[in-house]
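Raw my_file_8.txt, compact mmCIF, C-alpha atoms:
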# COMPACT_ATOMS: atom_id res chain seq x y z
CA MET A 1 94.69 314.50 89.74
CA THR A 2 95.81 313.76 93.19
CA THR A 3 96.13 310.14 94.10
CA LEU A 4 95.75 309.33 97.73
CA THR A 5 97.61 306.24 98.75
CA ALA A 6 96.48 304.68 101.99
CA THR A 7 99.11 302.79 103.84
CA SER A 8 98.06 300.05 106.09
CA THR A 9 100.16 298.50 108.76
CA ASP A 10 100.03 294.73 108.55
CA THR A 11 100.25 292.95 111.90
CA PRO A 12 101.53 289.39 111.86
CA PRO A 13 98.94 286.81 112.85
CA ALA A 14 99.16 285.73 116.44
CA ALA A 15 100.70 282.33 116.97
CA PRO A 16 98.17 279.75 118.11
CA SER A 17 98.41 279.38 121.83
CA ARG A 18 99.09 275.88 123.10
CA PRO A 19 97.19 274.75 126.14
CA ALA A 20 99.30 274.74 129.25
CA TYR A 21 99.33 271.26 130.70
CA ARG A 22 100.08 270.83 134.36
CA VAL A 23 101.36 267.70 136.02
CA THR A 24 98.65 266.71 138.45
CA GLY A 25 98.11 263.63 140.54
CA ARG A 26 95.08 262.64 138.49
CA ARG A 27 97.03 262.83 135.23
CA VAL A 28 99.93 260.83 136.61
CA LEU A 29 97.48 258.16 137.78
CA ALA A 30 95.82 258.13 134.36
CA SER A 31 99.21 257.75 132.69
CA GLU A 32 100.18 254.80 134.89
CA TRP A 33 96.76 253.22 134.33
CA ALA A 34 97.22 253.45 130.56
CA LYS A 35 100.76 252.03 130.70
CA LEU A 36 99.67 249.13 132.88
CA TRP A 37 96.94 247.94 130.51
CA SER A 38 99.02 248.49 127.37
CA LEU A 39 101.23 245.52 128.25
CA ARG A 40 100.24 242.01 127.18
CA SER A 41 101.96 240.60 130.26
CA THR A 42 99.44 242.45 132.46
CA TRP A 43 96.48 240.59 131.01
CA ILE A 44 98.27 237.24 131.05
CA THR A 45 99.61 237.49 134.59
CA LEU A 46 96.39 238.83 136.08
CA GLY A 47 94.54 236.03 134.32
CA LEU A 48 96.93 233.49 135.81
CA GLY A 49 96.48 234.96 139.27
CA LEU A 50 92.71 234.73 138.98
CA LEU A 51 92.98 231.21 137.57
CA PHE A 52 95.22 230.09 140.44
CA LEU A 53 92.78 231.38 143.04
CA ILE A 54 89.71 229.75 141.54
CA ALA A 55 91.21 226.54 140.15
CA PHE A 56 93.27 225.55 143.19
CA GLY A 57 90.41 226.45 145.52
CA LEU A 58 88.03 224.18 143.62
CA ILE A 59 90.62 221.39 143.38
CA ALA A 60 91.21 221.51 147.15
CA SER A 61 87.46 221.45 147.83
CA SER A 62 86.95 218.52 145.47
CA ARG A 63 89.82 216.61 147.06
CA TYR A 64 88.34 217.15 150.51
CA LYS A 65 84.92 215.95 149.36
CA SER A 66 86.37 212.82 147.78
CA GLY A 67 88.41 212.12 150.92
CA ILE A 68 85.31 212.36 153.09
CA GLY A 69 83.42 210.03 150.78
CA SER A 70 86.17 207.40 150.65
CA GLY A 71 86.97 207.51 154.36
CA HIS A 72 90.68 208.09 153.67
CA MET A 73 91.21 211.69 154.70
CA ASP A 74 94.70 213.17 154.70
CA ARG A 75 95.70 214.68 158.01
CA ASP A 76 96.40 218.00 156.28
CA PHE A 77 92.77 218.19 155.22
CA ALA A 78 91.11 216.78 158.33
CA ARG A 79 90.50 220.17 159.98
CA SER A 80 89.89 222.15 156.81
CA THR A 81 86.97 224.51 156.40
CA ALA A 82 85.28 225.80 153.28
CA VAL A 83 87.23 229.03 153.74
CA SER A 84 90.67 227.44 154.06
CA LEU A 85 89.97 225.17 151.11
CA SER A 86 88.78 228.06 148.95
CA LEU A 87 91.89 230.08 149.83
CA PHE A 88 94.25 227.24 148.93
CA GLY A 89 95.35 229.05 145.78
CA THR A 90 96.39 232.22 147.60
CA ASN A 91 100.04 231.16 147.85
CA PHE A 92 100.19 230.65 144.09
CA ALA A 93 98.29 233.82 143.22
CA GLN A 94 100.56 235.95 145.40
CA LEU A 95 103.53 234.97 143.24
CA ALA A 96 101.74 235.95 140.03
CA LEU A 97 100.60 239.31 141.39
CA GLY A 98 103.89 240.03 143.13
CA VAL A 99 105.91 239.25 140.00
CA LEU A 100 103.69 241.51 137.92
CA GLY A 101 104.21 244.26 140.51
CA VAL A 102 107.97 243.93 140.03
CA LEU A 103 107.53 244.15 136.25
CA VAL A 104 105.44 247.31 136.54
CA THR A 105 108.43 249.28 137.85
CA ALA A 106 111.59 247.30 137.05
CA GLY A 107 110.38 246.76 133.47
CA GLU A 108 110.65 250.49 132.80
CA TYR A 109 114.23 250.52 134.02
CA SER A 110 115.19 247.60 131.80
CA THR A 111 113.72 249.26 128.69
CA GLY A 112 114.89 252.78 129.55
CA MET A 113 111.33 254.12 129.47
CA ILE A 114 111.76 255.38 133.02
CA ARG A 115 113.75 258.34 131.64
CA SER A 116 110.76 259.53 129.63
CA THR A 117 108.47 258.98 132.59
CA LEU A 118 110.61 261.05 134.96
CA ALA A 119 111.15 263.73 132.32
CA ALA A 120 107.37 264.16 132.20
CA VAL A 121 107.05 264.04 136.01
CA PRO A 122 110.26 265.63 137.33
CA ARG A 123 109.25 265.39 141.00
CA ARG A 124 109.69 261.58 140.79
CA LEU A 125 107.83 260.47 143.90
CA PRO A 126 104.34 260.91 142.37
CA VAL A 127 105.39 258.30 139.80
CA LEU A 128 106.14 255.75 142.52
CA TRP A 129 102.97 256.49 144.48
CA SER A 130 100.85 256.29 141.31
CA LYS A 131 102.37 253.00 140.18
CA ALA A 132 101.87 251.47 143.63
CA ALA A 133 98.31 252.79 143.96
CA VAL A 134 97.18 251.75 140.48
CA PHE A 135 98.60 248.24 140.59
CA GLY A 136 97.70 247.75 144.25
CA LEU A 137 94.04 248.50 143.53
CA VAL A 138 94.06 246.22 140.48
CA ALA A 139 95.62 243.38 142.50
CA LEU A 140 93.09 244.00 145.28
CA ALA A 141 90.20 243.77 142.83
CA ILE A 142 91.51 240.60 141.17
CA GLY A 143 92.29 238.95 144.51
CA THR A 144 88.93 239.80 146.05
CA LEU A 145 87.04 238.61 142.98
CA GLY A 146 89.00 235.36 142.88
CA VAL A 147 88.56 234.41 146.54
CA PHE A 148 84.83 235.17 146.54
CA VAL A 149 84.26 233.12 143.37
CA ALA A 150 86.36 230.26 144.78
CA PHE A 151 84.39 230.27 148.02
CA LEU A 152 81.03 230.57 146.26
CA PHE A 153 81.62 227.37 144.28
CA GLY A 154 83.88 225.63 146.81
CA SER A 155 81.30 225.92 149.58
CA ARG A 156 78.78 224.15 147.33
CA ILE A 157 81.24 221.33 146.71
CA VAL A 158 81.78 220.68 150.44
CA SER A 159 78.13 221.19 151.35
CA GLY A 160 76.97 218.51 153.78
CA THR A 161 80.50 217.83 155.09
CA PRO A 162 82.11 218.99 158.38
CA ALA A 163 83.86 221.76 156.39
CA ALA A 164 80.59 223.25 155.15
CA MET A 165 80.20 227.03 155.59
CA ASP A 166 78.39 229.90 153.96
CA PHE A 167 78.64 233.67 153.98
CA SER A 168 76.54 233.93 157.15
CA HIS A 169 79.11 232.11 159.30
CA ALA A 170 81.11 234.32 161.62
CA GLY A 171 84.39 235.51 160.17
CA VAL A 172 83.86 234.24 156.61
CA VAL A 173 83.40 237.59 154.89
CA ARG A 174 86.19 239.12 156.98
CA SER A 175 88.53 236.30 155.97
CA LEU A 176 87.73 236.61 152.27
CA LEU A 177 88.14 240.38 152.28
CA GLY A 178 91.39 239.96 154.21
CA ALA A 179 92.73 237.60 151.56
CA GLY A 180 91.94 240.13 148.82
CA LEU A 181 93.61 242.89 150.83
CA TYR A 182 96.68 240.72 151.40
CA LEU A 183 97.06 240.07 147.67
CA GLY A 184 96.67 243.77 146.93
CA LEU A 185 99.45 244.62 149.40
CA VAL A 186 101.67 241.90 147.90
CA GLY A 187 101.26 243.68 144.57
CA VAL A 188 102.35 246.96 146.19
CA ILE A 189 105.41 245.26 147.73
CA GLY A 190 106.33 243.84 144.32
CA THR A 191 106.06 247.33 142.81
CA ALA A 192 108.29 248.75 145.55
CA LEU A 193 110.90 246.00 145.14
CA GLY A 194 111.05 246.63 141.40
CA ALA A 195 111.69 250.34 142.00
CA LEU A 196 114.19 249.64 144.78
CA LEU A 197 116.30 247.04 142.96
CA ARG A 198 115.64 248.26 139.37
CA SER A 199 116.07 244.70 138.15
CA VAL A 200 113.35 242.27 137.15
CA ALA A 201 115.39 239.22 138.15
CA GLY A 202 116.55 240.80 141.40
CA GLY A 203 113.07 241.97 142.38
CA ILE A 204 111.49 238.59 141.70
CA SER A 205 114.26 236.79 143.61
CA VAL A 206 113.82 238.97 146.70
CA LEU A 207 110.04 238.63 146.50
CA VAL A 208 110.14 234.82 146.34
CA ALA A 209 112.74 234.67 149.10
CA THR A 210 110.69 236.95 151.35
CA LEU A 211 107.39 235.15 150.89
CA MET A 212 108.53 231.53 150.62
CA LEU A 213 112.18 230.84 151.46
CA ILE A 214 112.76 232.86 154.63
CA PRO A 215 109.83 231.25 156.54
CA GLY A 216 111.32 227.84 155.77
CA LEU A 217 114.74 228.91 157.02
CA VAL A 218 113.28 230.39 160.21
CA SER A 219 111.59 227.05 160.94
CA LEU A 220 115.09 225.58 161.38
CA LEU A 221 115.84 227.90 164.31
CA PRO A 222 115.43 226.80 167.95
CA ASN A 223 111.83 226.85 169.13
CA SER A 224 112.33 229.80 171.45
CA TRP A 225 113.67 231.94 168.60
CA ARG A 226 111.24 230.64 165.99
CA ASP A 227 108.15 231.42 168.05
CA ASP A 228 109.32 235.01 168.58
CA ILE A 229 110.34 235.69 164.98
CA SER A 230 108.04 233.63 162.78
CA PRO A 231 104.71 235.47 163.41
CA TYR A 232 106.23 238.78 162.31
CA LEU A 233 107.59 237.59 158.97
CA PRO A 234 105.76 239.17 156.01
CA SER A 235 104.14 235.96 154.78
CA ASN A 236 103.05 234.75 158.23
CA ALA A 237 101.75 238.16 159.27
CA GLY A 238 99.88 238.34 155.97
CA GLU A 239 98.32 234.91 156.42
CA SER A 240 97.02 235.91 159.84
CA ILE A 241 94.97 238.65 158.14
CA PHE A 242 92.70 236.10 156.45
CA ALA A 243 93.00 233.17 158.86
CA LEU A 244 89.59 232.12 160.14
CA THR A 245 91.04 230.84 163.42
CA ARG A 246 94.32 231.45 165.20
CA ASP A 247 96.55 229.64 167.66
CA ALA A 248 98.98 230.84 170.31
CA THR A 249 101.84 231.26 167.82
CA SER A 250 99.99 233.41 165.27
CA LEU A 251 98.95 237.05 165.32
CA ALA A 252 95.41 238.37 165.57
CA PRO A 253 94.03 239.58 162.20
CA GLY A 254 94.26 243.25 163.17
CA VAL A 255 97.81 242.93 164.47
CA GLY A 256 98.84 240.92 161.42
CA LEU A 257 97.46 243.65 159.16
CA LEU A 258 99.45 246.32 160.99
CA VAL A 259 102.65 244.27 160.75
CA PHE A 260 102.14 243.61 157.04
CA LEU A 261 101.37 247.28 156.42
CA GLY A 262 104.65 248.05 158.18
CA TRP A 263 106.56 245.76 155.80
CA THR A 264 104.78 247.38 152.84
CA ALA A 265 105.65 250.87 154.08
CA LEU A 266 109.28 249.81 154.59
CA ALA A 267 109.55 248.55 151.00
CA LEU A 268 107.98 251.76 149.66
CA ALA A 269 110.27 253.91 151.82
CA GLY A 270 113.33 252.12 150.44
CA ALA A 271 112.10 252.56 146.88
CA ALA A 272 111.37 256.26 147.48
CA PHE A 273 114.80 256.86 149.00
CA ARG A 274 116.61 255.32 146.04
CA LEU A 275 114.40 257.08 143.54
CA LEU A 276 115.30 260.43 145.07
CA ARG A 277 118.99 259.74 145.65
CA SER A 278 120.03 257.81 142.53
CA ASP A 279 120.08 258.70 138.87
CA VAL A 280 118.07 256.67 136.40

Write-out of the structure in structure tokens:
Amino acid sequence: MTTLTATSTDTPPAAPSRPAYRVTGRRVLASEWAKLWSLRSTWITLGLGLLFLIAFGLIASSRYKSGIGSGHMDRDFARSTAVSLSLFGTNFAQLALGVLGVLVTAGEYSTGMIRSTLAAVPRRLPVLWSKAAVFGLVALAIGTLGVFVAFLFGSRIVSGTPAAMDFSHAGVVRSLLGAGLYLGLVGVIGTALGALLRSVAGGISVLVATLMLIPGLVSLLPNSWRDDISPYLPSNAGESIFALTRDATSLAPGVGLLVFLGWTALALAGAAFRLLRSDV
């Protein structure tokens, strides 16, 4: 009997192919969005910023109404409008949003997480642009929501007084939108400072000095110097964006926006230069 033995050639099973992931702008944005909302400090600080806008706006409106009723009006409030009263909390909210912007970038340097981030996105600059864009839009949304809510209720408080205004008055909507835009850009500047200085304490210090201390120091200069320098400082140029009226020493809203955008671009350019030139 002849036995036929068939030989078969066994081929090893093909290894499962892994999907090839590409680093795209959309994925970098999604990554930064997820990292932003994974931090407890994000929710707390954004909540504080919103609280400052609404609470201080309502407190200022209530104080104005009580001053009108009692006949003892402070000189600081005598020429107030519903818009200026509602935006009273902007100076406090800008600190909250600016500080959180610093934490968004400098926080990764302090924890060392920036190494993992840049290992995943080797080109580096998309990380900076994505962080600035994501947090800037979030700060813009929070700021715009806060100022509109503050004006909605504040205008009802001062109804029937010389400060009374509503959304139909000329310049009101433009002023409120300008305040939201200003707060969004402050958040971007905070993000840039955090990436530039790579220190939470250093970034916050420079932010506070830029927005609050330097204008006070400039006010000590001679009048001829002060009038030429003061309108172009970041905080003063930013305030002119949402000012309902202007005087001879302040910038027009459009010019103020351009100046503040220039300061924002300068901060981002400095952060980008260091990110490209320095190791993490």

Quiz item: Between A:Val259, A:Leu85, A:Val23, A:Ala30, which is the closest to Gly154 (chain A) once you count only C-alpha atoms?
Solution: A:Leu85

Quiz item: So how far away is CA of Thr81 (chain A) from CA of Phe151 (chain A), in Å?
Solution: 10.5 Å

Quiz item: Taking all atoms listed in the file into account, which of A:Thr210, A:Thr90, A:Ser205, A:Ser278 comes nearest Gly178 (chain A)?
Solution: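 The answer is A:Thr90, which sits nearest to Gly178 (chain A).
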
Quiz item: How far is it from CA of Arg198 (chain A) to CA of Leu100 (chain A), in Å with one decimal?
Solution: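 Taking CA of Arg198 (chain A) as the start and CA of Leu100 (chain A) as the end point, the length is 13.8 Å.
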
Exercise. Please identify all polymer residues within 12 Å of Leu183 (chain A), counting only C-alpha atoms, omitting same-chain residues fewer than 4 positions from it, and present them as a PyMOL selection string.
Key: chain A and resi 46+49-50+53+87+89-101+135-147+176-179+187-190+211+235+238-239+241-242+260+264

Quiz item: So which one's closest to Thr117 (chain A), A:Ala269, A:Pro162, A:Val280, A:Ser86? Using all atoms listed in the file, please.
Solution: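 Looking at the shortest contact to Thr117 (chain A), the residue is A:Val280.
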
Self-check item: Protein/DNA/RNA residues near (108.1, 248.2, 153.6), cut 12 Å, only C-alpha atoms, as number ranges by chain
Solution: A: 185-186, 188-193, 196, 210, 233-234, 258-273

Would you give the centre and edge lengths, in Å to one decimal, of a box along x, y and z around the listed atoms of region 262-272 of chain A, with 3 Å added to each side, as AutoDock Vina command-line options?
--center_x 109.0 --center_y 251.0 --center_z 152.5 --size_x 14.7 --size_y 16.5 --size_z 17.3

Quiz item: Within 9 Å of (115.5, 250.1, 135.3), only C-alpha atoms: residues as number ranges by chain?
Solution: A: 105-114, 194-195, 197-200, 280

Exercise. Rank nothing, just name the residue among A:Ser62, A:Ala82, A:Pro215, A:Lys35 nearest to His169 (chain A), using only C-alpha atoms.
Key: A:Ala82

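Taking CA of Ala170 (chain A) as the reference point, CA of Ile59 (chain A) is found at 24.3 Å.
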
Since the input has fewer atoms than a full residue there, write region 212-223 of chain A out with all heavy atoms, as a tab-separated table (two decimals), in the frame of the given file.
chain	number	residue	atom	x	y	z
A	212	MET	N	108.53	232.99	150.59
A	212	MET	CA	108.53	231.53	150.62
A	212	MET	C	109.78	230.93	151.26
A	212	MET	O	109.68	229.94	152.00
A	212	MET	CB	108.36	230.98	149.19
A	212	MET	CG	107.11	231.48	148.50
A	212	MET	SD	106.81	230.69	146.90
A	212	MET	CE	106.40	229.03	147.43
A	213	LEU	N	110.95	231.47	150.99
A	213	LEU	CA	112.18	230.84	151.46
A	213	LEU	C	112.51	231.19	152.91
A	213	LEU	O	112.88	230.31	153.69
A	213	LEU	CB	113.35	231.22	150.55
A	213	LEU	CG	113.23	230.79	149.09
A	213	LEU	CD1	114.49	231.17	148.32
A	213	LEU	CD2	112.99	229.29	148.98
A	214	ILE	N	112.40	232.45	153.27
A	214	ILE	CA	112.76	232.86	154.63
A	214	ILE	C	111.92	232.16	155.70
A	214	ILE	O	112.46	231.72	156.72
A	214	ILE	CB	112.68	234.39	154.76
A	214	ILE	CG1	113.77	235.03	153.90
A	214	ILE	CG2	112.83	234.82	156.21
A	214	ILE	CD1	113.78	236.54	153.93
A	215	PRO	N	110.59	232.00	155.52
A	215	PRO	CA	109.83	231.25	156.54
A	215	PRO	C	110.34	229.84	156.73
A	215	PRO	O	110.35	229.32	157.85
A	215	PRO	CB	108.40	231.27	155.98
A	215	PRO	CG	108.34	232.50	155.15
A	215	PRO	CD	109.69	232.62	154.52
A	216	GLY	N	110.78	229.19	155.64
A	216	GLY	CA	111.32	227.84	155.77
A	216	GLY	C	112.63	227.83	156.53
A	216	GLY	O	112.90	226.92	157.33
A	217	LEU	N	113.47	228.83	156.31
A	217	LEU	CA	114.74	228.91	157.02
A	217	LEU	C	114.52	229.20	158.51
A	217	LEU	O	115.21	228.66	159.37
A	217	LEU	CB	115.63	229.99	156.40
A	217	LEU	CG	116.11	229.72	154.97
A	217	LEU	CD1	116.89	230.92	154.44
A	217	LEU	CD2	116.97	228.46	154.92
A	218	VAL	N	113.56	230.06	158.81
A	218	VAL	CA	113.28	230.39	160.21
A	218	VAL	C	112.78	229.17	160.97
A	218	VAL	O	113.02	229.02	162.17
A	218	VAL	CB	112.27	231.55	160.29
A	218	VAL	CG1	111.77	231.77	161.72
A	218	VAL	CG2	112.89	232.83	159.76
A	219	SER	N	112.09	228.27	160.27
A	219	SER	CA	111.59	227.05	160.94
A	219	SER	C	112.72	226.15	161.43
A	219	SER	O	112.49	225.27	162.26
A	219	SER	CB	110.68	226.28	159.99
A	219	SER	OG	111.42	225.78	158.88
A	220	LEU	N	113.94	226.37	160.94
A	220	LEU	CA	115.09	225.58	161.38
A	220	LEU	C	115.71	226.12	162.66
A	220	LEU	O	116.58	225.47	163.24
A	220	LEU	CB	116.15	225.53	160.27
A	220	LEU	CG	115.71	224.94	158.93
A	220	LEU	CD1	116.85	225.04	157.92
A	220	LEU	CD2	115.25	223.50	159.09
A	221	LEU	N	115.30	227.31	163.09
A	221	LEU	CA	115.84	227.90	164.31
A	221	LEU	C	115.32	227.18	165.55
A	221	LEU	O	114.30	226.47	165.48
A	221	LEU	CB	115.46	229.39	164.37
A	221	LEU	CG	116.03	230.30	163.29
A	221	LEU	CD1	115.45	231.71	163.44
A	221	LEU	CD2	117.55	230.33	163.33
A	222	PRO	N	115.97	227.36	166.68
A	222	PRO	CA	115.43	226.80	167.95
A	222	PRO	C	114.02	227.32	168.21
A	222	PRO	O	113.66	228.42	167.80
A	222	PRO	CB	116.42	227.31	169.00
A	222	PRO	CG	117.69	227.55	168.25
A	222	PRO	CD	117.28	228.00	166.87
A	223	ASN	N	113.24	226.51	168.91
A	223	ASN	CA	111.83	226.85	169.13
A	223	ASN	C	111.64	228.21	169.79
A	223	ASN	O	110.71	228.96	169.44
A	223	ASN	CB	111.16	225.77	169.98
A	223	ASN	CG	111.03	224.46	169.23
A	223	ASN	OD1	111.08	224.44	167.99
A	223	ASN	ND2	110.88	223.36	169.96
